[in-house]
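Engineer: work.cif (mmCIF, C-alpha atoms) pasted underneath:
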data_structure
loop_
_atom_site.label_atom_id
_atom_site.label_comp_id
_atom_site.auth_asym_id
_atom_site.auth_seq_id
_atom_site.Cartn_x
_atom_site.Cartn_y
_atom_site.Cartn_z
CA MET A 397 111.47 85.49 109.42
CA GLU A 398 110.30 83.53 106.38
CA TRP A 399 106.64 84.03 107.34
CA GLY A 400 107.14 87.61 106.19
CA ASP A 401 107.24 86.20 102.66
CA ASP A 402 103.75 84.75 103.19
CA ILE A 403 102.39 88.16 104.23
CA TYR A 404 104.14 89.73 101.24
CA LYS A 405 102.48 87.20 98.94
CA ALA A 406 99.06 88.00 100.42
CA ILE A 407 99.73 91.74 100.02
CA LYS A 408 100.66 91.25 96.36
CA GLU A 409 97.69 89.02 95.60
CA ALA A 410 95.32 91.62 97.03
CA GLY A 411 96.80 94.40 94.87
CA VAL A 412 97.88 96.56 97.80
CA GLY A 413 99.43 99.81 96.56
CA GLN A 414 100.76 101.37 99.76
CA VAL A 415 102.53 99.79 102.73
CA ALA A 416 103.09 102.05 105.73
CA TYR A 417 105.49 101.05 108.45
CA VAL A 418 107.55 102.02 111.43
CA PRO A 419 110.85 100.10 111.27
CA ASP A 420 110.65 96.87 113.25
CA ALA A 421 112.98 93.88 113.66
CA GLY A 422 110.19 91.29 113.33
CA HIS A 423 108.91 92.87 110.11
CA LYS A 424 112.38 93.57 108.67
CA ARG A 425 112.26 90.96 105.92
CA LEU A 426 108.75 91.96 104.85
CA ILE A 427 109.52 95.70 104.96
CA ASN A 428 112.58 95.19 102.78
CA ALA A 429 110.55 93.18 100.27
CA CYS A 430 108.04 96.05 100.06
CA ILE A 431 110.78 98.68 99.67
CA ASP A 432 112.30 96.65 96.82
CA ASP A 433 108.94 96.31 95.05
CA ASN A 434 108.42 99.05 92.46
CA ASP A 435 104.66 98.51 92.45
CA ILE A 436 104.36 99.21 96.18
CA LYS A 437 104.77 102.65 97.68
CA ALA A 438 106.57 101.89 100.95
CA VAL A 439 105.98 104.75 103.38
CA SER A 440 108.20 105.02 106.44
CA LEU A 441 106.38 106.88 109.23
CA THR A 442 107.60 108.99 112.13
CA THR A 443 104.78 107.65 114.33
CA GLU A 444 102.22 104.91 113.82
CA GLU A 445 99.22 107.24 113.93
CA GLU A 446 100.32 108.72 110.60
CA GLY A 447 99.75 105.29 109.07
CA ILE A 448 96.10 105.25 110.13
CA ALA A 449 95.41 108.56 108.39
CA LEU A 450 97.54 107.54 105.41
CA SER A 451 95.41 104.39 105.03
CA ALA A 452 92.25 106.52 105.04
CA GLY A 453 93.69 108.89 102.44
CA ALA A 454 94.77 106.01 100.23
CA TRP A 455 91.23 104.58 100.32
CA LEU A 456 89.78 107.99 99.45
CA GLY A 457 91.99 107.79 96.38
CA GLY A 458 90.94 104.23 95.54
CA GLU A 459 94.07 102.47 96.75
CA LYS A 460 94.60 99.79 99.40
CA CYS A 461 97.11 100.47 102.17
CA VAL A 462 98.46 97.94 104.67
CA MET A 463 100.22 98.91 107.86
CA LEU A 464 103.12 97.13 109.60
CA MET A 465 104.02 97.93 113.19
CA GLN A 466 105.01 96.62 116.59
CA SER A 467 102.68 96.27 119.57
CA SER A 468 104.24 99.30 121.28
CA GLY A 469 103.06 101.40 118.33
CA VAL A 470 99.43 100.43 118.80
CA GLY A 471 99.24 102.78 121.75
CA ASN A 472 100.18 105.66 119.46
CA CYS A 473 97.18 104.97 117.22
CA ILE A 474 94.18 105.11 119.52
CA ASN A 475 92.60 108.50 118.76
CA MET A 476 93.50 108.28 115.08
CA LEU A 477 91.54 105.02 114.84
CA SER A 478 88.43 107.15 115.39
CA LEU A 479 88.88 108.18 111.74
CA ILE A 480 88.55 104.54 110.68
CA GLU A 481 85.60 103.86 112.99
CA THR A 482 83.60 107.02 112.29
CA CYS A 483 83.99 106.97 108.51
CA ARG A 484 84.00 103.16 108.28
CA PHE A 485 87.24 103.11 106.32
CA PRO A 486 88.68 99.67 105.65
CA PHE A 487 91.88 99.26 107.66
CA CYS A 488 94.46 96.50 107.68
CA ALA A 489 97.46 96.09 109.98
CA PHE A 490 99.99 93.40 110.86
CA VAL A 491 101.36 93.83 114.37
CA THR A 492 104.46 92.03 115.67
CA MET A 493 104.02 91.37 119.37
CA ARG A 494 106.33 92.25 122.23
CA GLY A 495 105.74 91.58 125.89
CA GLN A 496 104.92 87.89 125.33
CA TRP A 497 107.47 85.13 124.69
CA HIS A 498 110.82 85.52 126.50
CA GLU A 499 110.47 89.30 126.60
CA PHE A 500 113.61 90.72 128.21
CA ASN A 501 112.50 94.36 128.34
CA PRO A 502 109.95 95.26 131.04
CA TRP A 503 109.18 98.51 129.20
CA GLN A 504 107.52 96.44 126.45
CA MET A 505 105.12 94.72 128.85
CA PRO A 506 102.43 97.39 129.38
CA MET A 507 101.57 97.76 125.67
CA GLY A 508 102.43 94.17 124.78
CA THR A 509 99.97 92.71 127.28
CA THR A 510 97.12 95.07 126.34
CA THR A 511 97.47 95.37 122.56
CA LYS A 512 94.51 93.14 121.74
CA GLN A 513 92.12 94.83 124.18
CA ALA A 514 93.29 98.29 123.12
CA LEU A 515 92.62 97.54 119.46
CA GLN A 516 89.26 95.95 120.19
CA THR A 517 88.24 98.91 122.33
CA ALA A 518 89.16 101.19 119.41
CA GLY A 519 86.85 99.21 117.11
CA CYS A 520 89.25 96.80 115.38
CA LEU A 521 88.59 93.11 114.67
CA VAL A 522 91.64 91.25 115.97
CA ASP A 523 92.99 87.82 115.06
CA GLU A 524 96.20 86.20 116.30
CA VAL A 525 98.73 83.75 114.92
CA GLU A 526 101.43 81.77 116.72
CA ASP A 527 102.19 79.04 114.19
CA PRO A 528 104.40 80.26 111.31
CA SER A 529 102.78 77.79 108.93
CA ASP A 530 99.42 79.48 109.46
CA VAL A 531 100.60 83.03 108.68
CA GLY A 532 99.88 82.93 104.94
CA ALA A 533 96.26 81.85 105.31
CA LYS A 534 95.62 84.26 108.17
CA ALA A 535 97.30 87.15 106.32
CA ALA A 536 95.08 86.59 103.29
CA ALA A 537 92.00 86.41 105.53
CA THR A 538 93.00 89.59 107.40
CA ILE A 539 93.41 91.52 104.15
CA HIS A 540 90.14 90.11 102.79
CA LYS A 541 88.30 91.12 105.95
CA ALA A 542 89.60 94.68 105.55
CA PHE A 543 89.05 95.40 101.89
CA VAL A 544 86.30 92.99 100.85
CA GLY A 545 84.51 92.83 104.20
CA GLN A 546 85.25 96.56 104.69
CA GLN A 547 86.29 96.19 108.31
CA SER A 548 89.09 97.38 110.54
CA SER A 549 91.16 94.21 110.57
CA VAL A 550 94.35 93.47 112.51
CA LEU A 551 96.50 90.35 112.79
CA LEU A 552 98.77 89.99 115.82
CA LEU A 553 101.96 88.03 115.10
CA SER A 554 103.12 86.22 118.24
CA GLN A 555 106.52 87.05 119.70
CA ARG A 556 107.12 83.30 119.69
CA MET A 557 107.68 83.58 115.92
CA VAL A 558 110.55 86.08 116.18
CA PRO A 559 114.07 85.37 117.49
CA ILE A 560 114.49 86.01 121.22
CA LYS A 561 116.04 89.43 121.76
CA THR A 562 118.52 89.78 124.62
CA PHE A 563 120.86 92.72 123.90
CA GLY A 564 123.58 90.19 124.93
CA LYS A 565 122.29 89.71 128.51
CA MET B 768 99.31 136.81 125.25
CA SER B 769 100.48 137.89 121.81
CA LYS B 770 97.76 139.92 120.11
CA ARG B 771 99.55 140.49 116.80
CA ALA B 772 97.40 137.91 114.95
CA GLU B 773 94.30 140.01 115.61
CA SER B 774 95.58 142.52 113.06
CA PHE B 775 96.97 140.19 110.37
CA PRO B 776 95.51 141.47 107.07
CA LEU B 777 94.42 138.15 105.51
CA HIS B 778 90.95 136.83 106.31
CA ARG B 779 90.82 133.01 106.34
CA ARG B 780 87.44 132.73 104.63
CA GLU B 781 88.72 134.80 101.69
CA VAL B 782 91.90 132.71 101.49
CA ALA B 783 89.86 129.49 101.38
CA LYS B 784 87.68 130.91 98.61
CA THR B 785 90.77 131.89 96.59
CA LEU B 786 92.39 128.47 96.95
CA LEU B 787 89.25 126.43 96.25
CA GLY B 788 88.38 128.57 93.25
CA ALA B 789 91.84 128.43 91.73
CA ARG B 790 91.49 124.96 90.26
CA GLU B 791 88.21 123.16 89.78
CA ASP B 792 89.69 119.65 89.91
CA LEU B 793 91.55 120.32 93.18
CA LEU B 794 91.10 117.60 95.82
CA VAL B 795 91.05 119.08 99.31
CA VAL B 796 91.58 117.59 102.77
CA THR B 797 90.79 120.01 105.58
CA GLY B 798 91.85 119.62 109.20
CA LEU B 799 90.09 120.00 112.52
CA GLY B 800 88.58 122.54 112.89
CA SER B 801 88.37 126.10 111.44
CA THR B 802 89.67 125.16 107.99
CA ASN B 803 86.67 122.81 107.73
CA TRP B 804 84.32 125.75 108.21
CA ASP B 805 86.41 127.98 105.88
CA PHE B 806 86.21 125.55 102.96
CA THR B 807 82.58 124.69 103.62
CA ALA B 808 81.81 128.40 103.46
CA ALA B 809 83.88 128.70 100.28
CA GLY B 810 81.73 126.02 98.64
CA ASP B 811 80.79 122.73 100.30
CA CYS B 812 81.35 120.01 97.70
CA ALA B 813 82.28 116.37 97.21
CA ARG B 814 85.93 117.05 96.43
CA ILE B 815 86.50 118.33 99.99
CA PHE B 816 87.11 115.80 102.76
CA PRO B 817 86.82 117.57 106.13
CA LEU B 818 88.22 115.97 109.28
CA TRP B 819 85.97 116.56 112.29
CA GLY B 820 88.45 114.77 114.53
CA ALA B 821 91.66 112.77 114.08
CA MET B 822 93.72 115.81 115.08
CA GLY B 823 97.16 115.64 113.50
CA GLY B 824 95.84 113.49 110.66
CA ALA B 825 95.23 116.02 107.89
CA VAL B 826 98.69 115.85 106.30
CA PRO B 827 99.02 112.04 106.31
CA THR B 828 95.47 111.72 104.93
CA GLY B 829 96.45 114.07 102.12
CA LEU B 830 99.66 112.11 101.56
CA GLY B 831 97.82 108.79 101.19
CA LEU B 832 95.44 110.43 98.74
CA ALA B 833 98.25 112.10 96.77
CA LEU B 834 100.17 108.83 96.47
CA ALA B 835 97.03 107.01 95.34
CA GLN B 836 96.16 109.67 92.74
CA PRO B 837 99.44 110.99 91.32
CA SER B 838 97.73 112.70 88.38
CA LYS B 839 95.42 114.82 90.60
CA ARG B 840 96.39 117.92 92.58
CA VAL B 841 95.85 117.47 96.32
CA LEU B 842 95.68 120.35 98.79
CA VAL B 843 95.80 119.88 102.55
CA ALA B 844 94.48 122.98 104.32
CA THR B 845 94.74 122.88 108.08
CA GLY B 846 95.35 125.03 111.12
CA ASP B 847 98.52 125.68 113.10
CA GLY B 848 97.36 123.69 116.12
CA GLU B 849 96.38 120.67 114.02
CA MET B 850 99.69 120.85 112.14
CA LEU B 851 101.71 121.01 115.35
CA MET B 852 100.03 117.86 116.65
CA GLY B 853 101.26 115.83 113.66
CA ILE B 854 104.36 117.78 112.72
CA GLY B 855 106.49 114.68 112.01
CA ALA B 856 104.25 113.91 109.03
CA LEU B 857 106.02 116.72 107.16
CA ALA B 858 109.22 114.64 107.21
CA THR B 859 107.24 111.65 105.94
CA VAL B 860 105.92 113.85 103.11
CA ALA B 861 109.43 115.12 102.34
CA VAL B 862 110.78 111.58 101.99
CA GLN B 863 107.90 110.50 99.71
CA ALA B 864 108.12 113.82 97.81
CA PRO B 865 104.78 113.62 95.97
CA LYS B 866 104.79 116.19 93.15
CA ASN B 867 101.03 116.66 93.39
CA LEU B 868 100.74 117.61 97.08
CA ALA B 869 100.49 121.11 98.55
CA ILE B 870 100.04 121.89 102.22
CA CYS B 871 98.71 125.25 103.43
CA VAL B 872 98.61 125.99 107.13
CA PHE B 873 96.12 128.71 108.02
CA ASP B 874 98.08 130.12 110.93
CA ASN B 875 96.08 132.38 113.24
CA GLU B 876 98.38 131.47 116.15
CA ARG B 877 95.37 130.15 118.06
CA TYR B 878 93.48 127.00 119.03
CA GLY B 879 90.20 128.22 117.59
CA GLU B 880 87.80 125.52 118.77
CA THR B 881 88.78 125.63 122.42
CA GLY B 882 88.68 129.34 123.17
CA MET B 883 91.42 130.96 121.08
CA GLN B 884 94.31 129.99 123.32
CA THR B 885 97.67 130.74 121.70
CA THR B 886 99.63 128.00 119.92
CA HIS B 887 103.41 127.89 119.89
CA THR B 888 103.41 129.87 116.62
CA ALA B 889 102.24 132.95 118.56
CA SER B 890 105.60 133.17 120.26
CA VAL B 891 108.48 131.16 118.86
CA ALA B 892 107.53 128.39 116.41
CA ASP B 893 107.89 128.97 112.64
CA LEU B 894 106.10 126.28 110.64
CA ALA B 895 107.60 127.12 107.23
CA LEU B 896 111.11 126.90 108.68
CA THR B 897 110.16 123.65 110.36
CA ALA B 898 108.85 122.23 107.08
CA GLN B 899 112.13 123.28 105.44
CA GLY B 900 114.13 121.64 108.20
CA LEU B 901 112.13 118.44 107.82
CA GLY B 902 113.06 118.31 104.15
CA ILE B 903 110.35 120.09 102.15
CA ARG B 904 112.22 122.40 99.79
CA ASN B 905 109.41 124.57 98.44
CA THR B 906 108.24 126.42 101.56
CA GLY B 907 107.37 129.96 102.56
CA THR B 908 105.14 132.25 104.57
CA ILE B 909 102.36 134.38 103.11
CA THR B 910 101.26 137.41 105.09
CA ASP B 911 99.15 139.60 102.78
CA GLU B 912 96.99 139.73 99.66
CA ASN B 913 99.84 140.52 97.27
CA GLU B 914 101.94 137.62 98.51
CA LEU B 915 98.95 135.29 98.23
CA LYS B 916 98.40 136.39 94.63
CA ALA B 917 102.06 135.89 93.83
CA GLU B 918 102.20 132.45 95.46
CA LEU B 919 98.87 131.06 94.28
CA ASP B 920 100.26 129.41 91.18
CA ALA B 921 102.96 127.64 93.22
CA ILE B 922 100.35 126.30 95.65
CA ILE B 923 98.02 125.11 92.93
CA ASN B 924 100.37 124.01 90.16
CA ALA B 925 104.06 123.83 91.10
CA ASP B 926 105.88 120.54 91.57
CA GLY B 927 105.37 119.49 95.15
CA PRO B 928 105.57 118.93 97.88
CA VAL B 929 104.77 122.60 98.45
CA PHE B 930 104.32 124.02 101.94
CA ARG B 931 103.01 127.47 102.80
CA THR B 932 102.19 129.04 106.11
CA ILE B 933 99.43 131.57 105.53
CA LYS B 934 99.20 134.02 108.39
CA VAL B 935 95.50 134.75 108.87
CA ARG B 936 93.69 137.06 111.25
CA ALA B 937 92.57 135.71 114.61
CA GLU B 938 88.92 136.72 114.38
CA PRO B 939 85.54 135.48 115.57
CA LEU B 940 83.59 133.93 112.69
CA GLU B 941 80.26 132.25 112.21
CA PHE B 942 80.36 128.43 112.05
CA VAL B 943 79.63 127.08 108.58
CA LEU B 944 79.46 123.35 109.12
CA PRO B 945 79.75 120.51 106.61
CA SER B 946 77.99 117.20 107.23
CA LYS B 947 79.51 115.42 110.20
CA ASP B 948 78.53 111.98 108.93
CA GLY B 949 81.94 110.46 108.20
CA VAL B 950 80.56 107.65 106.04
CA HIS B 951 78.70 110.18 103.89
CA LEU B 952 81.79 112.39 103.57
CA LYS B 953 83.92 109.41 102.55
CA ASN B 954 81.36 108.08 100.07
CA ARG B 955 80.65 111.40 98.39
CA PHE B 956 84.38 112.01 97.94
CA ARG B 957 85.01 108.55 96.47
CA ALA B 958 81.99 108.74 94.19
CA GLU B 959 83.16 112.12 92.87
CA LEU B 960 86.72 110.94 92.28
CA LEU B 961 86.29 107.28 91.36
CA GLY B 962 82.73 107.15 90.04
CA PRO B 963 79.56 105.57 91.46
CA GLU B 964 81.00 102.06 91.18
CA ALA B 965 83.33 102.93 94.06
CA LEU B 966 80.39 102.79 96.49
#
Write the structure described by the file as structure tokens, please.

Structural biologist:
Amino acid sequence: MEWGDDIYKAIKEAGVGQVAYVPDAGHKRLINACIDDNDIKAVSLTTEEEGIALSAGAWLGGEKCVMLMQSSGVGNCINMLSLIETCRFPFCAFVTMRGQWHEFNPWQMPMGTTTKQALQTAGCLVDEVEDPSDVGAKAAATIHKAFVGQQSSVLLLSQRMVPIKTFGK
Amino acid sequence: MSKRAESFPLHRREVAKTLLGAREDLLVVTGLGSTNWDFTAAGDCARIFPLWGAMGGAVPTGLGLALAQPSKRVLVATGDGEMLMGIGALATVAVQAPKNLAICVFDNERYGETGMQTTHTASVADLALTAQGLGIRNTGTITDENELKAELDAIINADGPVFRTIKVRAEPLEFVLPSKDGVHLKNRFRAELLGPEAL
């Protein structure tokens, strides 16, 4: 997914020091770029909610943290987002969507169809992108909204931009 | 219900005072809830960031801070219930292996804020063994004053990540509350660490 390179570029231009992630097929290219970058601390999480608290801790220490996850992981974050909301920490996440375009797995539908509302209910400002050529501009704007605008800022990356997954069926 | 914790010799308020006083540049993240009151009683100050909520978030908050500030010593002090809720974070810490991070779990084998119900550590769970199993090499359990004295230097100065369970008495204590204004707590911490221009 070449658009991952555009997010990586935006992350680098903003001087992000930590990238937290739960492994994800859609983000694979971007995650690998972050792991290979000696100036980025790439932090693999056991559950997405760790990434919310990690982002807060990074900001306490004067460093920007960006989070990469899949829509199913958003559900794991809800109470931890109270830390962002209550303390008005900047927060930035890029979420690859499931449960949208040619989804083959019904288990992905409940979270995939409610990700946006769940994030908004938890206090996040949510933008979406479906056109790969628009990812770079939207990524830069999402990061700017978080760390310059000091908001909780999330960009949802449409499932239409990732290869259709079938498990051979 | 296991009552053994009611006679553990270490008092949590004294332990907090010892840890906070051991190094004046120590950065401290405390977890919901009793460790907040312990460290506030020990000396409410800008280099303590207490979590009034976000249960399970103390260790990853400390990790983000430790990674951002590798030249500063970071201590996460939290309770057994809070630690159990985010136990996987110990594996995340082990993989990152920050040399400047220490984690102390004040283990009274109880959920203190909800009526002193027992946690899993009252019967079968061993947090130091768990931390070891999740990859943190420098771990152990402290049960009395002499052990605390002997281990203090490791907690405050040794190459991390360091993990210690500190068995503390299950006892009723007065609330000593820090500010609950999260924005204030964040800003005072950042101003102390990064200077006024961070605001």

Engineer: For Gln863 in chain B, which of B:Ser774, B:Phe942, B:Gln884, B:Gly831 is the closest residue, counting only C-alpha atoms?

Structural biologist: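 Answer, going by the shortest atom-to-atom distance: B:Gly831.
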
Engineer: Between A:Val418, A:Leu553, A:Leu515, A:Ala535, single out the one closest to chain B, counting only C-alpha atoms.

Structural biologist: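 So, comparing all the options, the nearest one is A:Val418.
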
Engineer: Please write as a ChimeraX atom specification the full residue list that the PyMOL selection byres ((chain A) within 10 of (chain B)) yields on this file.

Structural biologist: /A:413-414,416,437-443,445-461,474-485

Engineer: Grab the CA of Val522 in chain A to CA of Gln504 in chain A distance for me, in Å with one decimal place.

Structural biologist: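 Result for CA of Val522 in chain A versus CA of Gln504 in chain A: 19.7 Å, one decimal.
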
Engineer: In Å to one decimal, how far is CA of Thr932 in chain B from CA of Thr888 in chain B?

Structural biologist: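 Computing the Euclidean distance for CA of Thr888 in chain B and CA of Thr932 in chain B yields 10.6 Å.
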